[in-house]
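> Supplied structure: protein-v4.csv, CSV, C-alpha atoms.
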```csv
chain,number,residue,atom,x,y,z
A,134,LYS,CA,115.8,110.2,87.7
A,135,ALA,CA,115.7,107.7,90.5
A,136,GLY,CA,116.7,104.2,89.5
A,137,VAL,CA,114.8,101.0,89.7
A,138,THR,CA,113.9,100.0,93.3
A,139,GLN,CA,112.8,96.7,94.7
A,140,THR,CA,111.3,95.7,98.0
A,141,PRO,CA,112.0,93.9,100.2
A,142,ARG,CA,115.7,93.4,99.7
A,143,TYR,CA,115.9,90.1,101.7
A,144,LEU,CA,113.2,87.6,102.5
A,145,ILE,CA,113.2,84.2,104.3
A,146,LYS,CA,110.2,81.9,103.8
A,147,THR,CA,109.4,78.3,104.4
A,148,ARG,CA,108.3,75.7,101.9
A,149,GLY,CA,104.7,75.9,101.0
A,150,GLN,CA,104.3,79.6,101.7
A,151,GLN,CA,103.8,82.3,99.2
A,152,VAL,CA,105.7,85.5,98.6
A,153,THR,CA,105.1,88.9,96.9
A,154,LEU,CA,107.9,91.0,95.6
A,155,SER,CA,107.6,94.6,94.4
A,156,CYS,CA,109.4,96.6,91.7
A,157,SER,CA,109.2,100.3,91.0
A,158,PRO,CA,110.6,101.2,87.6
A,159,ILE,CA,112.4,104.3,86.5
A,160,SER,CA,109.9,107.2,86.1
A,161,GLY,CA,108.4,107.1,82.6
A,162,HIS,CA,109.3,103.5,81.9
A,163,ARG,CA,106.4,101.4,81.0
A,164,SER,CA,108.0,98.0,80.6
A,165,VAL,CA,109.0,95.9,83.6
A,166,SER,CA,110.6,92.4,83.3
A,167,TRP,CA,111.5,89.9,86.0
A,168,TYR,CA,114.4,87.5,86.2
A,169,GLN,CA,115.5,84.8,88.5
A,170,GLN,CA,119.2,84.6,89.1
A,171,THR,CA,120.9,81.5,90.6
A,172,PRO,CA,124.6,80.5,90.5
A,173,GLY,CA,123.9,77.5,88.4
A,174,GLN,CA,121.3,78.8,86.0
A,175,GLY,CA,122.3,82.4,85.4
A,176,LEU,CA,119.6,85.0,84.6
A,177,GLN,CA,116.4,83.3,83.7
A,178,PHE,CA,113.5,85.3,82.2
A,179,LEU,CA,110.2,85.1,84.0
A,180,PHE,CA,107.9,87.5,82.3
A,181,GLU,CA,107.5,91.1,81.0
A,182,TYR,CA,104.7,93.5,81.7
A,183,PHE,CA,103.8,96.5,79.6
A,184,SER,CA,100.9,98.8,80.2
A,185,GLU,CA,99.4,96.5,82.8
A,186,THR,CA,99.5,93.5,80.4
A,187,GLN,CA,101.8,90.5,80.4
A,188,ARG,CA,103.4,90.8,77.0
A,189,ASN,CA,106.1,88.2,77.1
A,190,LYS,CA,106.6,85.1,79.2
A,191,GLY,CA,109.5,82.8,80.0
A,192,ASN,CA,109.4,79.1,80.8
A,193,PHE,CA,108.4,79.0,84.5
A,194,PRO,CA,105.5,77.1,86.1
A,195,GLY,CA,102.2,78.8,86.9
A,196,ARG,CA,103.3,79.2,90.5
A,197,PHE,CA,105.1,82.3,89.3
A,198,SER,CA,102.8,85.1,88.5
A,199,GLY,CA,102.9,88.9,88.3
A,200,ARG,CA,101.0,92.0,87.6
A,201,GLN,CA,101.5,95.6,86.8
A,202,PHE,CA,99.7,98.6,88.0
A,203,SER,CA,98.6,101.8,86.2
A,204,ASN,CA,101.7,103.6,87.6
A,205,SER,CA,103.9,100.9,86.0
A,206,ARG,CA,104.9,99.5,89.4
A,207,SER,CA,105.0,95.7,89.2
A,208,GLU,CA,104.6,92.8,91.7
A,209,MET,CA,105.7,89.2,91.3
A,210,ASN,CA,104.1,86.4,93.3
A,211,VAL,CA,105.4,82.9,93.9
A,212,SER,CA,103.0,80.5,95.5
A,213,THR,CA,103.7,77.1,97.2
A,214,LEU,CA,107.4,77.9,97.6
A,215,GLU,CA,109.9,75.2,97.0
A,216,LEU,CA,113.5,75.0,98.1
A,217,GLY,CA,114.6,75.5,94.5
A,218,ASP,CA,113.0,78.9,94.4
A,219,SER,CA,115.8,80.3,96.6
A,220,ALA,CA,117.4,82.9,94.3
A,221,LEU,CA,118.0,86.5,93.6
A,222,TYR,CA,115.0,88.0,91.9
A,223,LEU,CA,115.8,91.0,89.7
A,224,CYS,CA,113.4,93.3,87.9
A,225,ALA,CA,114.4,95.6,85.1
A,226,SER,CA,112.6,98.5,83.4
A,227,SER,CA,112.8,100.0,80.0
A,228,ASP,CA,111.0,102.7,78.1
A,229,SER,CA,108.6,100.8,76.0
A,230,GLY,CA,110.2,98.5,73.5
A,231,LEU,CA,111.0,94.9,73.2
A,232,GLU,CA,114.6,95.6,72.3
A,233,GLU,CA,115.9,98.3,74.5
A,234,THR,CA,118.4,98.8,77.3
A,235,GLN,CA,117.1,97.4,80.5
A,236,TYR,CA,117.9,99.0,83.8
A,237,PHE,CA,118.1,96.6,86.7
A,238,GLY,CA,117.0,97.0,90.3
A,239,PRO,CA,119.2,95.8,93.2
A,240,GLY,CA,117.2,92.5,93.5
A,241,THR,CA,115.3,90.7,96.2
A,242,ARG,CA,117.2,87.8,97.7
A,243,LEU,CA,114.8,85.0,98.6
A,244,LEU,CA,115.7,82.1,100.8
A,245,VAL,CA,113.3,79.2,101.2
A,246,LEU,CA,113.8,76.9,104.1
B,24,GLY,CA,111.7,82.0,72.3
B,25,GLU,CA,115.2,83.1,71.9
B,26,ASN,CA,118.2,80.9,72.9
B,27,VAL,CA,121.5,82.5,73.8
B,28,GLU,CA,124.7,80.6,74.3
B,29,GLN,CA,127.8,82.2,75.8
B,30,HIS,CA,131.5,81.1,75.9
B,31,PRO,CA,133.7,80.8,77.8
B,32,SER,CA,132.2,80.4,81.2
B,33,THR,CA,135.4,81.6,82.9
B,34,LEU,CA,138.3,83.6,81.5
B,35,SER,CA,141.5,84.5,83.2
B,36,VAL,CA,143.9,87.1,81.7
B,37,GLN,CA,146.9,89.0,82.7
B,38,GLU,CA,146.5,92.8,83.2
B,39,GLY,CA,147.0,94.6,79.9
B,40,ASP,CA,146.0,91.6,77.8
B,41,SER,CA,142.8,91.4,75.7
B,42,ALA,CA,139.7,89.4,76.5
B,43,VAL,CA,137.1,88.1,74.1
B,44,ILE,CA,133.7,86.7,75.0
B,45,LYS,CA,131.4,85.1,72.4
B,46,CYS,CA,127.7,84.6,72.1
B,47,THR,CA,125.4,83.0,69.6
B,48,TYR,CA,121.6,83.5,69.3
B,49,SER,CA,118.9,81.5,67.6
B,50,ASP,CA,116.2,84.0,66.6
B,51,SER,CA,117.0,85.7,63.3
B,52,ALA,CA,114.4,88.4,64.2
B,53,SER,CA,116.5,89.7,67.1
B,54,ASN,CA,118.0,93.1,66.4
B,55,TYR,CA,119.4,94.4,69.6
B,56,PHE,CA,122.3,92.8,71.5
B,57,PRO,CA,123.4,94.3,74.8
B,58,TRP,CA,126.3,93.3,77.1
B,59,TYR,CA,126.0,93.7,80.9
B,60,LYS,CA,128.6,93.7,83.6
B,61,GLN,CA,127.7,92.4,87.0
B,62,GLU,CA,130.2,92.9,89.8
B,63,LEU,CA,129.9,90.8,93.0
B,64,GLY,CA,126.8,91.7,95.0
B,65,LYS,CA,125.7,94.3,92.5
B,66,ARG,CA,123.0,94.6,89.8
B,67,PRO,CA,123.8,94.0,86.1
B,68,GLN,CA,124.7,97.2,84.3
B,69,LEU,CA,124.9,97.9,80.6
B,70,ILE,CA,128.4,98.4,79.3
B,71,ILE,CA,127.8,98.4,75.5
B,72,ASP,CA,125.2,97.4,73.0
B,73,ILE,CA,124.8,97.0,69.3
B,74,ARG,CA,121.9,97.0,66.8
B,75,SER,CA,121.7,94.8,63.8
B,76,ASN,CA,122.2,97.7,61.3
B,77,VAL,CA,125.9,97.9,62.3
B,78,GLY,CA,128.7,95.4,62.4
B,79,GLU,CA,130.9,96.9,65.1
B,80,LYS,CA,130.7,99.5,67.9
B,81,LYS,CA,133.5,100.7,70.1
B,82,ASP,CA,133.6,102.6,73.3
B,83,GLN,CA,137.1,103.3,74.6
B,84,ARG,CA,138.6,99.9,75.6
B,85,ILE,CA,135.4,98.0,74.9
B,86,ALA,CA,134.1,96.9,71.5
B,87,VAL,CA,131.3,94.7,70.3
B,88,THR,CA,131.1,92.9,66.9
B,89,LEU,CA,128.0,91.4,65.3
B,90,ASN,CA,127.7,88.9,62.5
B,91,LYS,CA,123.9,88.6,61.7
B,92,THR,CA,124.4,85.9,59.1
B,93,ALA,CA,126.2,83.6,61.5
B,94,LYS,CA,124.0,84.8,64.4
B,95,HIS,CA,126.9,85.6,66.7
B,96,PHE,CA,128.3,88.6,68.5
B,97,SER,CA,131.3,89.2,70.6
B,98,LEU,CA,132.6,91.4,73.3
B,99,HIS,CA,136.2,92.6,73.1
B,100,ILE,CA,138.0,94.2,76.0
B,101,THR,CA,141.5,95.6,75.4
B,102,GLU,CA,144.2,96.6,77.9
B,103,THR,CA,142.3,94.8,80.7
B,104,GLN,CA,142.5,96.2,84.2
B,105,PRO,CA,141.8,94.5,87.6
B,106,GLU,CA,138.6,96.5,87.8
B,107,ASP,CA,137.3,94.7,84.7
B,108,SER,CA,137.0,91.6,86.8
B,109,ALA,CA,133.3,90.7,87.0
B,110,VAL,CA,130.7,88.5,85.3
B,111,TYR,CA,129.7,89.6,81.8
B,112,PHE,CA,126.4,88.6,80.3
B,113,CYS,CA,125.2,88.9,76.7
B,114,ALA,CA,121.5,89.1,75.8
B,115,ALA,CA,119.0,89.0,73.0
B,116,LYS,CA,115.5,90.1,73.7
B,117,PHE,CA,114.8,88.9,77.3
B,118,TYR,CA,117.2,86.0,77.1
B,119,PHE,CA,120.6,86.1,78.6
B,120,GLY,CA,123.7,84.0,78.1
B,121,SER,CA,125.0,82.0,81.0
B,122,GLY,CA,127.7,84.5,81.9
B,123,THR,CA,131.5,84.7,81.7
B,124,LYS,CA,133.4,85.2,84.9
B,125,LEU,CA,136.4,87.4,83.9
B,126,ASN,CA,139.4,87.5,86.2
B,127,VAL,CA,142.1,90.0,85.4
B,128,LYS,CA,145.3,89.2,87.3
B,129,PRO,CA,147.5,92.2,88.3
```
Before we go any further, please render this structure as structure tokens.


Amino acid sequence: KAGVTQTPRYLIKTRGQQVTLSCSPISGHRSVSWYQQTPGQGLQFLFEYFSETQRNKGNFPGRFSGRQFSNSRSEMNVSTLELGDSALYLCASSDSGLEETQYFGPGTRLLVL
Amino acid sequence: GENVEQHPSTLSVQEGDSAVIKCTYSDSASNYFPWYKQELGKRPQLIIDIRSNVGEKKDQRIAVTLNKTAKHFSLHITETQPEDSAVYFCAAKFYFGSGTKLNVKP
């Protein structure tokens, strides 16, 4: 099976803009979760989608949102970008459960200027 | 939500020595504890995991132990090799520890 893919791989935006990141899970996986990775904060959980519904949510402001489509592909949107949003955004997919192995994508590196 | 703490943040060992990384968690309802290895510029990848119905699991040079009563679990790497150098993360549910940068000196 093909692994988790993310597009784009790199992105440069300016403050105040918005951005949409995409994640395609492993075929058959229904759960997609998103993480923000920064050198100082490690891997921070944003949210998890399962069957087109947000099932779990981390502690990020409402500027961070997401959605999942019927084919399990997921998008994450960040509005009104801030300098502190510069990070590597990773998505991960798993079969269906809350406590299962997650398979990570390569990430999208976002730089906000 | 869950809170996962990981120690140490950095660990330097000589090739052939053992390395131990420890994590604690807060949610007693958590039942699955994976460990991920992330090499520089790469994605995190699962190296071993353990479920709450067992106390220890081993895979060649890597082992994980779990103490549910104390709510902590540990990663043990024996006979370390330079290729073990990476950042290691523990996790519970969707929450990750802050990572341990392991450096294995040849």

> So which one's closest to A:Gly173, A:Ile159, A:Ala220, A:Leu144, A:Met209? Using all atoms listed in the file, please.

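Counting all atoms listed in the file, the residue closest to A:Gly173 is A:Ala220.
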
> As a ChimeraX atom specification, please: the residues near B:Ile85 (cut-off 7 Å, only C-alpha atoms, same-chain neighbours under 6 positions excluded).

/B:99-101

> One number please: atom CA of B:Asp107 to atom CA of B:Lys124, in Å, one decimal.

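Going from atom CA of B:Asp107 over to atom CA of B:Lys124, I get 10.3 Å.
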
> Would you pick out the contacts of A:His162 at 9 Å or less, using all atoms listed in the file, so that residues sharing its chain but fewer than 6 positions from it are not included, and give the list as a PDB file with C-alpha atoms, keeping the file's coordinate frame?


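Produced file around-v3.pdb, reproduced below:
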```pdb
ATOM      1  CA  SER A 205     103.900 100.900  86.000  1.00  0.00           C
ATOM      2  CA  SER A 226     112.600  98.500  83.400  1.00  0.00           C
ATOM      3  CA  SER A 227     112.800 100.000  80.000  1.00  0.00           C
ATOM      4  CA  ASP A 228     111.000 102.700  78.100  1.00  0.00           C
ATOM      5  CA  SER A 229     108.600 100.800  76.000  1.00  0.00           C
TER       6      SER A 229
END
```

> Residues of chain A within 6 Å of chain B: nearest atom pair and distance (Å, one decimal) for each, counting all atoms listed in the file, sorted by chain and number, as a tab-separated table?


```
residue	atom	partner	partner_atom	distance
A:Gly175	CA	B:Ser121	CA	5.2
A:Glu232	CA	B:Tyr55	CA	5.6
A:Pro239	CA	B:Arg66	CA	5.2
```

> For a quick check of understanding, using only C-alpha atoms, which of B:Thr33, B:Asn26, B:Ser49, B:Gln61 has the smallest distance to A:Gln170?

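Distance minimum relative to A:Gln170 lands on B:Gln61.
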
> Just give me the residues with any atom within 7 Å of (124.1, 85.1, 95.1), file coordinates, counting only C-alpha atoms, written as an MDAnalysis selection string.

chainID A and resid 171:172 221

> For the residues in the current selection, export C-alpha atoms as a compact mmCIF listing (two decimals), in the frame of the given file.


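The resulting selection.txt:
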```txt
# COMPACT_ATOMS: atom_id res chain seq x y z
CA THR A 171 120.90 81.50 90.60
CA PRO A 172 124.60 80.50 90.50
CA LEU A 221 118.00 86.50 93.60
```

> Could you tell me how far atom CA of B:Ser41 sits from atom CA of A:Phe237, in Å to one decimal place?

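Atom-to-atom, atom CA of A:Phe237 to atom CA of B:Ser41, that is 27.5 Å.
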
> If I take atom CA of B:Tyr111 and atom CA of B:Lys60, how far is one from the other in Å, to one decimal?

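Between atom CA of B:Tyr111 and atom CA of B:Lys60 the gap works out to 4.6 Å.
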
> I need the residue nearest B:Lys45 from this list: B:Gly78, B:Pro105, B:Pro129, B:Pro31. Use all atoms listed in the file for the distance.

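The closest residue to B:Lys45 is B:Pro31.
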
> Determine, counting only C-alpha atoms, which protein, DNA and RNA residues have an atom within 12 Å of an atom of A:Gly161; residues of the same chain fewer than 3 positions away are not included. Present the result as a list in words.

Lys134, Ala135, Gly136, Val137, Ser157, Pro158, Ser164, Val165, Phe183, Ser184, Ser203, Asn204, Ser205, Arg206, Ser226, Ser227, Asp228 and Ser229 of chain A

> For B:Glu106, which residue among B:Leu89, B:Glu38, B:Gln83, B:Ile70 is the nearest when counting all atoms listed in the file?

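Closest to B:Glu106 of all the choices is B:Glu38.
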
> Considering all atoms listed in the file, return as an MDAnalysis selection string whatever protein or nucleic-acid residues lie within 10 Å of A:Lys190, sequence-local ones (same chain, fewer than 3 positions apart) excluded.

(chainID A and resid 166:167 178:182 187 193) or (chainID B and resid 24 117)

> Taking into account all atoms listed in the file, which residue in the set A:Glu208, A:Gly240, A:Glu185, A:Gln177 is nearest to A:Ser155?

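Comparing A:Glu208, A:Gly240, A:Glu185, A:Gln177 against A:Ser155, the winner is A:Glu208.
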
> Restricting the calculation to only C-alpha atoms: of B:Gly39, B:Lys81, B:Ser75, B:Leu98, which residue gets closest to B:Ala52?

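For B:Ala52, the nearest of the given residues is B:Ser75.
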
> Working from the structure I just supplied, which lacks atoms in stretch 199-218 of chain A, can you model N, CA, C and O atoms there and output them as an mmCIF file, keeping the file's coordinate frame?


```cif
data_model
loop_
_atom_site.group_PDB
_atom_site.id
_atom_site.type_symbol
_atom_site.label_atom_id
_atom_site.label_comp_id
_atom_site.auth_asym_id
_atom_site.auth_seq_id
_atom_site.Cartn_x
_atom_site.Cartn_y
_atom_site.Cartn_z
ATOM 1 N N GLY A 199 102.554 87.476 88.026
ATOM 2 C CA GLY A 199 102.900 88.900 88.300
ATOM 3 C C GLY A 199 101.718 89.755 87.855
ATOM 4 O O GLY A 199 100.679 89.290 87.348
ATOM 5 N N ARG A 200 101.913 91.029 88.093
ATOM 6 C CA ARG A 200 101.000 92.000 87.600
ATOM 7 C C ARG A 200 101.635 93.367 87.575
ATOM 8 O O ARG A 200 102.691 93.573 88.178
ATOM 9 N N GLN A 201 100.989 94.259 86.866
ATOM 10 C CA GLN A 201 101.500 95.600 86.800
ATOM 11 C C GLN A 201 100.373 96.580 86.995
ATOM 12 O O GLN A 201 99.251 96.382 86.501
ATOM 13 N N PHE A 202 100.674 97.630 87.712
ATOM 14 C CA PHE A 202 99.700 98.600 88.000
ATOM 15 C C PHE A 202 99.708 99.794 87.067
ATOM 16 O O PHE A 202 100.639 99.914 86.255
ATOM 17 N N SER A 203 98.735 100.674 87.169
ATOM 18 C CA SER A 203 98.600 101.800 86.200
ATOM 19 C C SER A 203 99.810 102.743 86.319
ATOM 20 O O SER A 203 100.114 103.467 85.364
ATOM 21 N N ASN A 204 100.512 102.746 87.446
ATOM 22 C CA ASN A 204 101.700 103.600 87.600
ATOM 23 C C ASN A 204 102.971 102.892 87.169
ATOM 24 O O ASN A 204 104.066 103.377 87.435
ATOM 25 N N SER A 205 102.824 101.732 86.545
ATOM 26 C CA SER A 205 103.900 100.900 86.000
ATOM 27 C C SER A 205 104.618 100.066 87.108
ATOM 28 O O SER A 205 105.435 99.208 86.765
ATOM 29 N N ARG A 206 104.338 100.310 88.354
ATOM 30 C CA ARG A 206 104.900 99.500 89.400
ATOM 31 C C ARG A 206 104.438 98.019 89.165
ATOM 32 O O ARG A 206 103.330 97.774 88.672
ATOM 33 N N SER A 207 105.289 97.073 89.501
ATOM 34 C CA SER A 207 105.000 95.700 89.200
ATOM 35 C C SER A 207 105.195 94.832 90.489
ATOM 36 O O SER A 207 106.042 95.150 91.329
ATOM 37 N N GLU A 208 104.427 93.801 90.599
ATOM 38 C CA GLU A 208 104.600 92.800 91.700
ATOM 39 C C GLU A 208 104.768 91.440 91.048
ATOM 40 O O GLU A 208 104.184 91.134 89.998
ATOM 41 N N MET A 209 105.541 90.610 91.739
ATOM 42 C CA MET A 209 105.700 89.200 91.300
ATOM 43 C C MET A 209 105.310 88.350 92.521
ATOM 44 O O MET A 209 105.663 88.657 93.663
ATOM 45 N N ASN A 210 104.547 87.308 92.266
ATOM 46 C CA ASN A 210 104.100 86.400 93.300
ATOM 47 C C ASN A 210 104.574 85.001 93.032
ATOM 48 O O ASN A 210 104.511 84.546 91.887
ATOM 49 N N VAL A 211 105.047 84.354 94.059
ATOM 50 C CA VAL A 211 105.400 82.900 93.900
ATOM 51 C C VAL A 211 104.571 82.192 94.987
ATOM 52 O O VAL A 211 104.662 82.501 96.182
ATOM 53 N N SER A 212 103.769 81.252 94.545
ATOM 54 C CA SER A 212 103.000 80.500 95.500
ATOM 55 C C SER A 212 103.593 79.120 95.734
ATOM 56 O O SER A 212 104.444 78.660 94.956
ATOM 57 N N THR A 213 103.200 78.495 96.818
ATOM 58 C CA THR A 213 103.700 77.100 97.200
ATOM 59 C C THR A 213 105.185 77.044 96.983
ATOM 60 O O THR A 213 105.693 76.278 96.160
ATOM 61 N N LEU A 214 105.899 77.825 97.743
ATOM 62 C CA LEU A 214 107.400 77.900 97.600
ATOM 63 C C LEU A 214 108.044 76.565 97.728
ATOM 64 O O LEU A 214 107.662 75.729 98.568
ATOM 65 N N GLU A 215 109.068 76.386 96.910
ATOM 66 C CA GLU A 215 109.900 75.200 97.000
ATOM 67 C C GLU A 215 111.346 75.629 97.278
ATOM 68 O O GLU A 215 111.707 76.788 97.059
ATOM 69 N N LEU A 216 112.135 74.676 97.784
ATOM 70 C CA LEU A 216 113.500 75.000 98.100
ATOM 71 C C LEU A 216 114.255 75.587 96.923
ATOM 72 O O LEU A 216 115.071 76.509 97.056
ATOM 73 N N GLY A 217 113.962 75.072 95.743
ATOM 74 C CA GLY A 217 114.600 75.500 94.500
ATOM 75 C C GLY A 217 114.276 76.915 94.084
ATOM 76 O O GLY A 217 114.887 77.447 93.144
ATOM 77 N N ASP A 218 113.321 77.533 94.763
ATOM 78 C CA ASP A 218 113.000 78.900 94.400
ATOM 79 C C ASP A 218 113.907 79.906 95.096
ATOM 80 O O ASP A 218 113.822 81.111 94.822
#
```
